[in-house]
Amino acid sequence: MRAALGFMEWQEAVRESFRPGVAESTDAKCTEAVLNAMQKRKDKWVKFTRLAQNHDWYKKFGSSVLGRTKDALVKQCVLVEEGTEDGDGKKRKTGRVRLADDAD
C-alpha cells in the first residue's frame with residue numbers, strides 16, 4: 001500500500017513538472033515559458049536577461065517578442081521590476097524581476 005501511495009505522489013510531481021502547453025501564438029508560448037520559469041524561482045529576484053539566455057529564449061522567440069512579453073507582464077502587474085534610487089534621487093531599473101505578490 002505504501003508503495004502505491006509513493007508512486008501516486010511521484011506521478012503528481014512528474015505531472016506538475018511536465019504538463020502540456022496550451023499556448024498557440026508565439027507571444028502566448030513566450031509568456032508561458034517566462035511564467036513557468038518564474039514560478040520555479042518563487043519570490044526570488046532574477047536577472048531577466050540571464051534567465052532568457054539560460055533558456056535560449058532569444059533563439060526560440062526572438063528579442064522583440066521577448067521584450068514585448070516582459071513589458072506586458074510588468075504592465076499587467078504579473079511581474080515586478082526591481083529599482084534603486086541614485087544619490088540624485090533618480091530611479092533606475094536593475095534588470096531584475098520577480099513574480100508579483102498579492103500585496104504588490
# chains A, B, ... in the order shown; residues from 1 in each chain; ligands from 1
$ select_by_dssp --residues "chain A" --states "helix (DSSP H, G or I)" --output "PDB file with N, CA and C atoms, in the first residue's frame"
ATOM      1  N   ARG A   2       1.947   1.261   0.808  1.00  0.00           N
ATOM      2  CA  ARG A   2       2.848   2.421   0.854  1.00  0.00           C
ATOM      3  C   ARG A   2       3.498   2.663  -0.501  1.00  0.00           C
ATOM      4  N   ALA A   3       3.838   1.573  -1.178  1.00  0.00           N
ATOM      5  CA  ALA A   3       4.467   1.703  -2.498  1.00  0.00           C
ATOM      6  C   ALA A   3       3.498   2.362  -3.486  1.00  0.00           C
ATOM      7  N   ALA A   4       2.239   2.001  -3.421  1.00  0.00           N
ATOM      8  CA  ALA A   4       1.238   2.588  -4.318  1.00  0.00           C
ATOM      9  C   ALA A   4       1.064   4.084  -4.022  1.00  0.00           C
ATOM     10  N   LEU A   5       1.026   4.458  -2.755  1.00  0.00           N
ATOM     11  CA  LEU A   5       0.899   5.868  -2.391  1.00  0.00           C
ATOM     12  C   LEU A   5       2.140   6.656  -2.812  1.00  0.00           C
ATOM     13  N   GLY A   6       3.306   6.055  -2.626  1.00  0.00           N
ATOM     14  CA  GLY A   6       4.539   6.698  -3.057  1.00  0.00           C
ATOM     15  C   GLY A   6       4.572   6.909  -4.562  1.00  0.00           C
ATOM     16  N   PHE A   7       4.095   5.913  -5.311  1.00  0.00           N
ATOM     17  CA  PHE A   7       4.039   6.019  -6.762  1.00  0.00           C
ATOM     18  C   PHE A   7       3.075   7.135  -7.190  1.00  0.00           C
ATOM     19  N   MET A   8       1.938   7.244  -6.505  1.00  0.00           N
ATOM     20  CA  MET A   8       0.968   8.298  -6.830  1.00  0.00           C
ATOM     21  C   MET A   8       1.570   9.678  -6.569  1.00  0.00           C
ATOM     22  N   GLU A   9       2.299   9.839  -5.490  1.00  0.00           N
ATOM     23  CA  GLU A   9       2.942  11.122  -5.198  1.00  0.00           C
ATOM     24  C   GLU A   9       3.995  11.456  -6.251  1.00  0.00           C
ATOM     25  N   TRP A  10       4.737  10.450  -6.675  1.00  0.00           N
ATOM     26  CA  TRP A  10       5.741  10.649  -7.717  1.00  0.00           C
ATOM     27  C   TRP A  10       5.073  11.087  -9.022  1.00  0.00           C
ATOM     28  N   GLN A  11       3.945  10.446  -9.371  1.00  0.00           N
ATOM     29  CA  GLN A  11       3.216  10.815 -10.589  1.00  0.00           C
ATOM     30  C   GLN A  11       2.742  12.265 -10.540  1.00  0.00           C
ATOM     31  N   GLU A  12       2.253  12.693  -9.381  1.00  0.00           N
ATOM     32  CA  GLU A  12       1.805  14.078  -9.238  1.00  0.00           C
ATOM     33  C   GLU A  12       2.963  15.050  -9.455  1.00  0.00           C
ATOM     34  N   ALA A  13       4.118  14.722  -8.903  1.00  0.00           N
ATOM     35  CA  ALA A  13       5.293  15.580  -9.067  1.00  0.00           C
ATOM     36  C   ALA A  13       5.727  15.646 -10.531  1.00  0.00           C
ATOM     37  N   VAL A  14       5.702  14.521 -11.218  1.00  0.00           N
ATOM     38  CA  VAL A  14       6.071  14.488 -12.637  1.00  0.00           C
ATOM     39  C   VAL A  14       5.068  15.289 -13.460  1.00  0.00           C
ATOM     40  N   ARG A  15       3.794  15.139 -13.186  1.00  0.00           N
ATOM     41  CA  ARG A  15       2.761  15.870 -13.936  1.00  0.00           C
ATOM     42  C   ARG A  15       2.861  17.376 -13.711  1.00  0.00           C
ATOM     43  N   GLU A  16       3.269  17.785 -12.523  1.00  0.00           N
ATOM     44  CA  GLU A  16       3.441  19.209 -12.241  1.00  0.00           C
ATOM     45  C   GLU A  16       4.608  19.776 -13.043  1.00  0.00           C
ATOM     46  N   SER A  17       5.675  19.015 -13.148  1.00  0.00           N
ATOM     47  CA  SER A  17       6.863  19.477 -13.872  1.00  0.00           C
ATOM     48  C   SER A  17       6.695  19.417 -15.380  1.00  0.00           C
ATOM     49  N   THR A  26       2.959  32.718 -30.771  1.00  0.00           N
ATOM     50  CA  THR A  26       4.333  32.868 -30.290  1.00  0.00           C
ATOM     51  C   THR A  26       4.364  33.674 -28.999  1.00  0.00           C
ATOM     52  N   ASP A  27       3.560  34.742 -28.928  1.00  0.00           N
ATOM     53  CA  ASP A  27       3.508  35.546 -27.698  1.00  0.00           C
ATOM     54  C   ASP A  27       3.025  34.710 -26.519  1.00  0.00           C
ATOM     55  N   ALA A  28       2.014  33.899 -26.750  1.00  0.00           N
ATOM     56  CA  ALA A  28       1.471  33.065 -25.674  1.00  0.00           C
ATOM     57  C   ALA A  28       2.485  32.012 -25.236  1.00  0.00           C
ATOM     58  N   LYS A  29       3.214  31.432 -26.182  1.00  0.00           N
ATOM     59  CA  LYS A  29       4.241  30.446 -25.840  1.00  0.00           C
ATOM     60  C   LYS A  29       5.363  31.102 -25.034  1.00  0.00           C
ATOM     61  N   CYS A  30       5.743  32.301 -25.414  1.00  0.00           N
ATOM     62  CA  CYS A  30       6.782  33.032 -24.698  1.00  0.00           C
ATOM     63  C   CYS A  30       6.315  33.370 -23.279  1.00  0.00           C
ATOM     64  N   THR A  31       5.094  33.844 -23.159  1.00  0.00           N
ATOM     65  CA  THR A  31       4.530  34.165 -21.844  1.00  0.00           C
ATOM     66  C   THR A  31       4.503  32.926 -20.959  1.00  0.00           C
ATOM     67  N   GLU A  32       4.085  31.817 -21.520  1.00  0.00           N
ATOM     68  CA  GLU A  32       4.028  30.571 -20.760  1.00  0.00           C
ATOM     69  C   GLU A  32       5.424  30.151 -20.294  1.00  0.00           C
ATOM     70  N   ALA A  33       6.415  30.278 -21.166  1.00  0.00           N
ATOM     71  CA  ALA A  33       7.790  29.915 -20.802  1.00  0.00           C
ATOM     72  C   ALA A  33       8.313  30.805 -19.681  1.00  0.00           C
ATOM     73  N   VAL A  34       8.068  32.115 -19.782  1.00  0.00           N
ATOM     74  CA  VAL A  34       8.537  33.053 -18.757  1.00  0.00           C
ATOM     75  C   VAL A  34       7.863  32.762 -17.417  1.00  0.00           C
ATOM     76  N   LEU A  35       6.561  32.588 -17.425  1.00  0.00           N
ATOM     77  CA  LEU A  35       5.843  32.352 -16.170  1.00  0.00           C
ATOM     78  C   LEU A  35       6.230  31.027 -15.525  1.00  0.00           C
ATOM     79  N   ASN A  36       6.423  29.983 -16.336  1.00  0.00           N
ATOM     80  CA  ASN A  36       6.850  28.697 -15.772  1.00  0.00           C
ATOM     81  C   ASN A  36       8.219  28.817 -15.112  1.00  0.00           C
ATOM     82  N   ALA A  37       9.132  29.515 -15.765  1.00  0.00           N
ATOM     83  CA  ALA A  37      10.473  29.700 -15.198  1.00  0.00           C
ATOM     84  C   ALA A  37      10.416  30.535 -13.925  1.00  0.00           C
ATOM     85  N   MET A  38       9.591  31.565 -13.920  1.00  0.00           N
ATOM     86  CA  MET A  38       9.492  32.423 -12.738  1.00  0.00           C
ATOM     87  C   MET A  38       8.815  31.703 -11.574  1.00  0.00           C
ATOM     88  N   GLN A  39       7.854  30.854 -11.853  1.00  0.00           N
ATOM     89  CA  GLN A  39       7.186  30.121 -10.773  1.00  0.00           C
ATOM     90  C   GLN A  39       8.139  29.161 -10.077  1.00  0.00           C
ATOM     91  N   LYS A  40       9.114  28.647 -10.801  1.00  0.00           N
ATOM     92  CA  LYS A  40      10.105  27.764 -10.185  1.00  0.00           C
ATOM     93  C   LYS A  40      11.013  28.539  -9.239  1.00  0.00           C
ATOM     94  N   PHE A  48      16.560  39.181 -15.609  1.00  0.00           N
ATOM     95  CA  PHE A  48      15.746  38.689 -16.717  1.00  0.00           C
ATOM     96  C   PHE A  48      16.592  38.280 -17.919  1.00  0.00           C
ATOM     97  N   THR A  49      17.606  39.069 -18.256  1.00  0.00           N
ATOM     98  CA  THR A  49      18.425  38.727 -19.424  1.00  0.00           C
ATOM     99  C   THR A  49      19.175  37.412 -19.203  1.00  0.00           C
ATOM    100  N   ARG A  50      19.638  37.185 -17.991  1.00  0.00           N
ATOM    101  CA  ARG A  50      20.334  35.926 -17.684  1.00  0.00           C
ATOM    102  C   ARG A  50      19.378  34.748 -17.823  1.00  0.00           C
ATOM    103  N   LEU A  51      18.159  34.904 -17.316  1.00  0.00           N
ATOM    104  CA  LEU A  51      17.142  33.867 -17.414  1.00  0.00           C
ATOM    105  C   LEU A  51      16.839  33.552 -18.881  1.00  0.00           C
ATOM    106  N   ALA A  52      16.696  34.596 -19.690  1.00  0.00           N
ATOM    107  CA  ALA A  52      16.413  34.412 -21.112  1.00  0.00           C
ATOM    108  C   ALA A  52      17.571  33.727 -21.831  1.00  0.00           C
ATOM    109  N   GLN A  53      18.788  34.090 -21.493  1.00  0.00           N
ATOM    110  CA  GLN A  53      19.954  33.455 -22.110  1.00  0.00           C
ATOM    111  C   GLN A  53      20.071  31.991 -21.708  1.00  0.00           C
ATOM    112  N   ASN A  54      19.841  31.694 -20.450  1.00  0.00           N
ATOM    113  CA  ASN A  54      19.950  30.311 -19.969  1.00  0.00           C
ATOM    114  C   ASN A  54      18.922  29.385 -20.612  1.00  0.00           C
ATOM    115  N   TRP A  57      15.750  31.702 -24.931  1.00  0.00           N
ATOM    116  CA  TRP A  57      14.517  32.338 -25.387  1.00  0.00           C
ATOM    117  C   TRP A  57      14.756  33.295 -26.538  1.00  0.00           C
ATOM    118  N   TYR A  58      15.937  33.896 -26.615  1.00  0.00           N
ATOM    119  CA  TYR A  58      16.215  34.807 -27.721  1.00  0.00           C
ATOM    120  C   TYR A  58      16.204  34.047 -29.033  1.00  0.00           C
ATOM    121  N   LYS A  59      16.681  32.807 -29.032  1.00  0.00           N
ATOM    122  CA  LYS A  59      16.661  31.981 -30.236  1.00  0.00           C
ATOM    123  C   LYS A  59      15.266  31.441 -30.521  1.00  0.00           C
ATOM    124  N   LYS A  60      14.553  31.058 -29.473  1.00  0.00           N
ATOM    125  CA  LYS A  60      13.230  30.450 -29.644  1.00  0.00           C
ATOM    126  C   LYS A  60      12.172  31.459 -30.063  1.00  0.00           C
ATOM    127  N   PHE A  61      12.185  32.645 -29.448  1.00  0.00           N
ATOM    128  CA  PHE A  61      11.099  33.600 -29.635  1.00  0.00           C
ATOM    129  C   PHE A  61      11.515  34.890 -30.333  1.00  0.00           C
ATOM    130  N   SER A  63      14.069  38.571 -29.908  1.00  0.00           N
ATOM    131  CA  SER A  63      14.179  39.602 -28.880  1.00  0.00           C
ATOM    132  C   SER A  63      12.955  40.499 -28.812  1.00  0.00           C
ATOM    133  N   SER A  64      12.309  40.772 -29.952  1.00  0.00           N
ATOM    134  CA  SER A  64      11.140  41.662 -29.918  1.00  0.00           C
ATOM    135  C   SER A  64       9.975  41.012 -29.188  1.00  0.00           C
ATOM    136  N   VAL A  65       9.735  39.728 -29.431  1.00  0.00           N
ATOM    137  CA  VAL A  65       8.649  39.021 -28.737  1.00  0.00           C
ATOM    138  C   VAL A  65       8.967  38.931 -27.242  1.00  0.00           C
ATOM    139  N   LEU A  66      10.210  38.637 -26.924  1.00  0.00           N
ATOM    140  CA  LEU A  66      10.605  38.507 -25.524  1.00  0.00           C
ATOM    141  C   LEU A  66      10.483  39.835 -24.782  1.00  0.00           C
ATOM    142  N   GLY A  67      10.923  40.910 -25.405  1.00  0.00           N
ATOM    143  CA  GLY A  67      10.804  42.231 -24.788  1.00  0.00           C
ATOM    144  C   GLY A  67       9.352  42.646 -24.606  1.00  0.00           C
ATOM    145  N   ARG A  68       8.547  42.386 -25.626  1.00  0.00           N
ATOM    146  CA  ARG A  68       7.117  42.704 -25.553  1.00  0.00           C
ATOM    147  C   ARG A  68       6.451  41.914 -24.432  1.00  0.00           C
ATOM    148  N   THR A  69       6.820  40.648 -24.314  1.00  0.00           N
ATOM    149  CA  THR A  69       6.227  39.786 -23.280  1.00  0.00           C
ATOM    150  C   THR A  69       6.587  40.282 -21.887  1.00  0.00           C
ATOM    151  N   LYS A  70       7.862  40.592 -21.679  1.00  0.00           N
ATOM    152  CA  LYS A  70       8.299  41.093 -20.363  1.00  0.00           C
ATOM    153  C   LYS A  70       7.581  42.392 -20.027  1.00  0.00           C
ATOM    154  N   ASP A  71       7.543  43.321 -20.980  1.00  0.00           N
ATOM    155  CA  ASP A  71       6.880  44.606 -20.735  1.00  0.00           C
ATOM    156  C   ASP A  71       5.399  44.422 -20.420  1.00  0.00           C
ATOM    157  N   ALA A  72       4.740  43.520 -21.134  1.00  0.00           N
ATOM    158  CA  ALA A  72       3.312  43.273 -20.895  1.00  0.00           C
ATOM    159  C   ALA A  72       3.081  42.667 -19.519  1.00  0.00           C
ATOM    160  N   LEU A  73       3.938  41.734 -19.107  1.00  0.00           N
ATOM    161  CA  LEU A  73       3.781  41.114 -17.789  1.00  0.00           C
ATOM    162  C   LEU A  73       4.017  42.122 -16.671  1.00  0.00           C
ATOM    163  N   VAL A  74       4.946  43.047 -16.878  1.00  0.00           N
ATOM    164  CA  VAL A  74       5.183  44.105 -15.885  1.00  0.00           C
ATOM    165  C   VAL A  74       3.989  45.056 -15.857  1.00  0.00           C
ATOM    166  N   LYS A  75       3.511  45.442 -17.032  1.00  0.00           N
ATOM    167  CA  LYS A  75       2.381  46.383 -17.115  1.00  0.00           C
ATOM    168  C   LYS A  75       1.119  45.789 -16.484  1.00  0.00           C
TER     169      LYS A  75
END
$ residues_around --residues "A:Trp45" --least-positions-apart "2" --cutoff "10 Å" --atoms "only C-alpha atoms" --output "PyMOL selection string"
chain A and resi 38+41-43+47-48+80-82+95-99
$ write_last_selection --atoms "N, CA and C atoms" --output "PDB file, in the first residue's frame"
ATOM      1  N   MET A  38       9.591  31.565 -13.920  1.00  0.00           N
ATOM      2  CA  MET A  38       9.492  32.423 -12.738  1.00  0.00           C
ATOM      3  C   MET A  38       8.815  31.703 -11.574  1.00  0.00           C
ATOM      4  N   ARG A  41      11.127  29.839  -9.449  1.00  0.00           N
ATOM      5  CA  ARG A  41      12.010  30.658  -8.621  1.00  0.00           C
ATOM      6  C   ARG A  41      11.260  31.365  -7.493  1.00  0.00           C
ATOM      7  N   LYS A  42       9.979  31.132  -7.391  1.00  0.00           N
ATOM      8  CA  LYS A  42       9.116  31.672  -6.332  1.00  0.00           C
ATOM      9  C   LYS A  42       9.295  33.176  -6.162  1.00  0.00           C
ATOM     10  N   ASP A  43       9.701  33.622  -4.974  1.00  0.00           N
ATOM     11  CA  ASP A  43       9.785  35.051  -4.670  1.00  0.00           C
ATOM     12  C   ASP A  43      11.184  35.630  -4.854  1.00  0.00           C
ATOM     13  N   LYS A  47      17.673  38.101 -12.629  1.00  0.00           N
ATOM     14  CA  LYS A  47      18.108  38.944 -13.744  1.00  0.00           C
ATOM     15  C   LYS A  47      17.446  38.389 -15.008  1.00  0.00           C
ATOM     16  N   PHE A  48      16.560  39.181 -15.609  1.00  0.00           N
ATOM     17  CA  PHE A  48      15.746  38.689 -16.717  1.00  0.00           C
ATOM     18  C   PHE A  48      16.592  38.280 -17.919  1.00  0.00           C
ATOM     19  N   VAL A  80       7.198  42.087 -11.281  1.00  0.00           N
ATOM     20  CA  VAL A  80       7.608  43.352 -10.672  1.00  0.00           C
ATOM     21  C   VAL A  80       9.072  43.561 -11.021  1.00  0.00           C
ATOM     22  N   GLU A  81       9.416  44.773 -11.486  1.00  0.00           N
ATOM     23  CA  GLU A  81      10.801  45.108 -11.767  1.00  0.00           C
ATOM     24  C   GLU A  81      11.430  45.738 -10.532  1.00  0.00           C
ATOM     25  N   GLU A  82      12.656  45.342 -10.240  1.00  0.00           N
ATOM     26  CA  GLU A  82      13.382  45.908  -9.113  1.00  0.00           C
ATOM     27  C   GLU A  82      13.979  47.247  -9.528  1.00  0.00           C
ATOM     28  N   GLY A  95      17.158  45.566 -13.799  1.00  0.00           N
ATOM     29  CA  GLY A  95      17.054  44.466 -14.758  1.00  0.00           C
ATOM     30  C   GLY A  95      16.583  43.174 -14.120  1.00  0.00           C
ATOM     31  N   ARG A  96      16.320  43.227 -12.820  1.00  0.00           N
ATOM     32  CA  ARG A  96      15.856  42.036 -12.119  1.00  0.00           C
ATOM     33  C   ARG A  96      14.344  42.097 -11.942  1.00  0.00           C
ATOM     34  N   VAL A  97      13.705  40.936 -12.021  1.00  0.00           N
ATOM     35  CA  VAL A  97      12.256  40.829 -11.879  1.00  0.00           C
ATOM     36  C   VAL A  97      11.920  39.673 -10.933  1.00  0.00           C
ATOM     37  N   ARG A  98      10.694  39.680 -10.457  1.00  0.00           N
ATOM     38  CA  ARG A  98      10.137  38.573  -9.686  1.00  0.00           C
ATOM     39  C   ARG A  98       8.645  38.558  -9.908  1.00  0.00           C
ATOM     40  N   LEU A  99       8.014  37.463  -9.537  1.00  0.00           N
ATOM     41  CA  LEU A  99       6.557  37.400  -9.624  1.00  0.00           C
ATOM     42  C   LEU A  99       5.955  38.371  -8.609  1.00  0.00           C
TER      43      LEU A  99
END
$ select_by_dssp --residues "chain A" --states "strand (DSSP E)" --output "VMD selection string"
chain A and resid 46 to 47 79 to 85 91 to 99
$ atom_distance --atom1 "atom CA of A:Leu79" --atom2 "atom CA of A:Gly62"
19.9 Å
$ decode --residues "stretch 7-96 of chain A" --atoms "C-alpha atoms" --output "short mmCIF file (atom, residue, chain, number, x, y, z; two decimals), in the first residue's frame"
data_model
loop_
_atom_site.label_atom_id
_atom_site.label_comp_id
_atom_site.auth_asym_id
_atom_site.auth_seq_id
_atom_site.Cartn_x
_atom_site.Cartn_y
_atom_site.Cartn_z
CA PHE A 7 4.04 6.02 -6.76
CA MET A 8 0.97 8.30 -6.83
CA GLU A 9 2.94 11.12 -5.20
CA TRP A 10 5.74 10.65 -7.72
CA GLN A 11 3.22 10.81 -10.59
CA GLU A 12 1.81 14.08 -9.24
CA ALA A 13 5.29 15.58 -9.07
CA VAL A 14 6.07 14.49 -12.64
CA ARG A 15 2.76 15.87 -13.94
CA GLU A 16 3.44 19.21 -12.24
CA SER A 17 6.86 19.48 -13.87
CA PHE A 18 5.88 18.20 -17.32
CA ARG A 19 2.40 19.48 -18.00
CA PRO A 20 1.39 20.09 -21.63
CA GLY A 21 1.37 23.60 -23.01
CA VAL A 22 -1.85 25.23 -24.14
CA ALA A 23 -0.38 28.26 -25.88
CA GLU A 24 -0.99 28.71 -29.61
CA SER A 25 0.65 32.01 -30.63
CA THR A 26 4.33 32.87 -30.29
CA ASP A 27 3.51 35.55 -27.70
CA ALA A 28 1.47 33.07 -25.67
CA LYS A 29 4.24 30.45 -25.84
CA CYS A 30 6.78 33.03 -24.70
CA THR A 31 4.53 34.16 -21.84
CA GLU A 32 4.03 30.57 -20.76
CA ALA A 33 7.79 29.91 -20.80
CA VAL A 34 8.54 33.05 -18.76
CA LEU A 35 5.84 32.35 -16.17
CA ASN A 36 6.85 28.70 -15.77
CA ALA A 37 10.47 29.70 -15.20
CA MET A 38 9.49 32.42 -12.74
CA GLN A 39 7.19 30.12 -10.77
CA LYS A 40 10.11 27.76 -10.19
CA ARG A 41 12.01 30.66 -8.62
CA LYS A 42 9.12 31.67 -6.33
CA ASP A 43 9.78 35.05 -4.67
CA LYS A 44 13.41 35.43 -5.76
CA TRP A 45 14.69 38.38 -7.79
CA VAL A 46 16.05 37.12 -11.12
CA LYS A 47 18.11 38.94 -13.74
CA PHE A 48 15.75 38.69 -16.72
CA THR A 49 18.43 38.73 -19.42
CA ARG A 50 20.33 35.93 -17.68
CA LEU A 51 17.14 33.87 -17.41
CA ALA A 52 16.41 34.41 -21.11
CA GLN A 53 19.95 33.45 -22.11
CA ASN A 54 19.95 30.31 -19.97
CA HIS A 55 16.71 29.13 -21.58
CA ASP A 56 17.68 30.21 -25.16
CA TRP A 57 14.52 32.34 -25.39
CA TYR A 58 16.21 34.81 -27.72
CA LYS A 59 16.66 31.98 -30.24
CA LYS A 60 13.23 30.45 -29.64
CA PHE A 61 11.10 33.60 -29.64
CA GLY A 62 13.26 36.50 -30.81
CA SER A 63 14.18 39.60 -28.88
CA SER A 64 11.14 41.66 -29.92
CA VAL A 65 8.65 39.02 -28.74
CA LEU A 66 10.61 38.51 -25.52
CA GLY A 67 10.80 42.23 -24.79
CA ARG A 68 7.12 42.70 -25.55
CA THR A 69 6.23 39.79 -23.28
CA LYS A 70 8.30 41.09 -20.36
CA ASP A 71 6.88 44.61 -20.73
CA ALA A 72 3.31 43.27 -20.89
CA LEU A 73 3.78 41.11 -17.79
CA VAL A 74 5.18 44.10 -15.89
CA LYS A 75 2.38 46.38 -17.12
CA GLN A 76 -0.25 43.81 -16.07
CA CYS A 77 1.42 43.54 -12.61
CA VAL A 78 2.28 39.87 -13.06
CA LEU A 79 6.00 40.64 -12.79
CA VAL A 80 7.61 43.35 -10.67
CA GLU A 81 10.80 45.11 -11.77
CA GLU A 82 13.38 45.91 -9.11
CA GLY A 83 14.52 49.51 -8.91
CA THR A 84 17.03 51.55 -6.97
CA GLU A 85 17.50 55.26 -6.31
CA ASP A 86 20.68 57.07 -7.18
CA GLY A 87 22.16 59.67 -4.87
CA ASP A 88 20.42 62.31 -7.03
CA GLY A 89 17.02 60.76 -6.30
CA LYS A 90 16.68 59.32 -9.80
CA LYS A 91 15.08 55.89 -10.04
CA ARG A 92 16.96 53.27 -12.02
CA LYS A 93 15.94 49.73 -13.05
CA THR A 94 18.29 46.91 -12.10
CA GLY A 95 17.05 44.47 -14.76
CA ARG A 96 15.86 42.04 -12.12
#
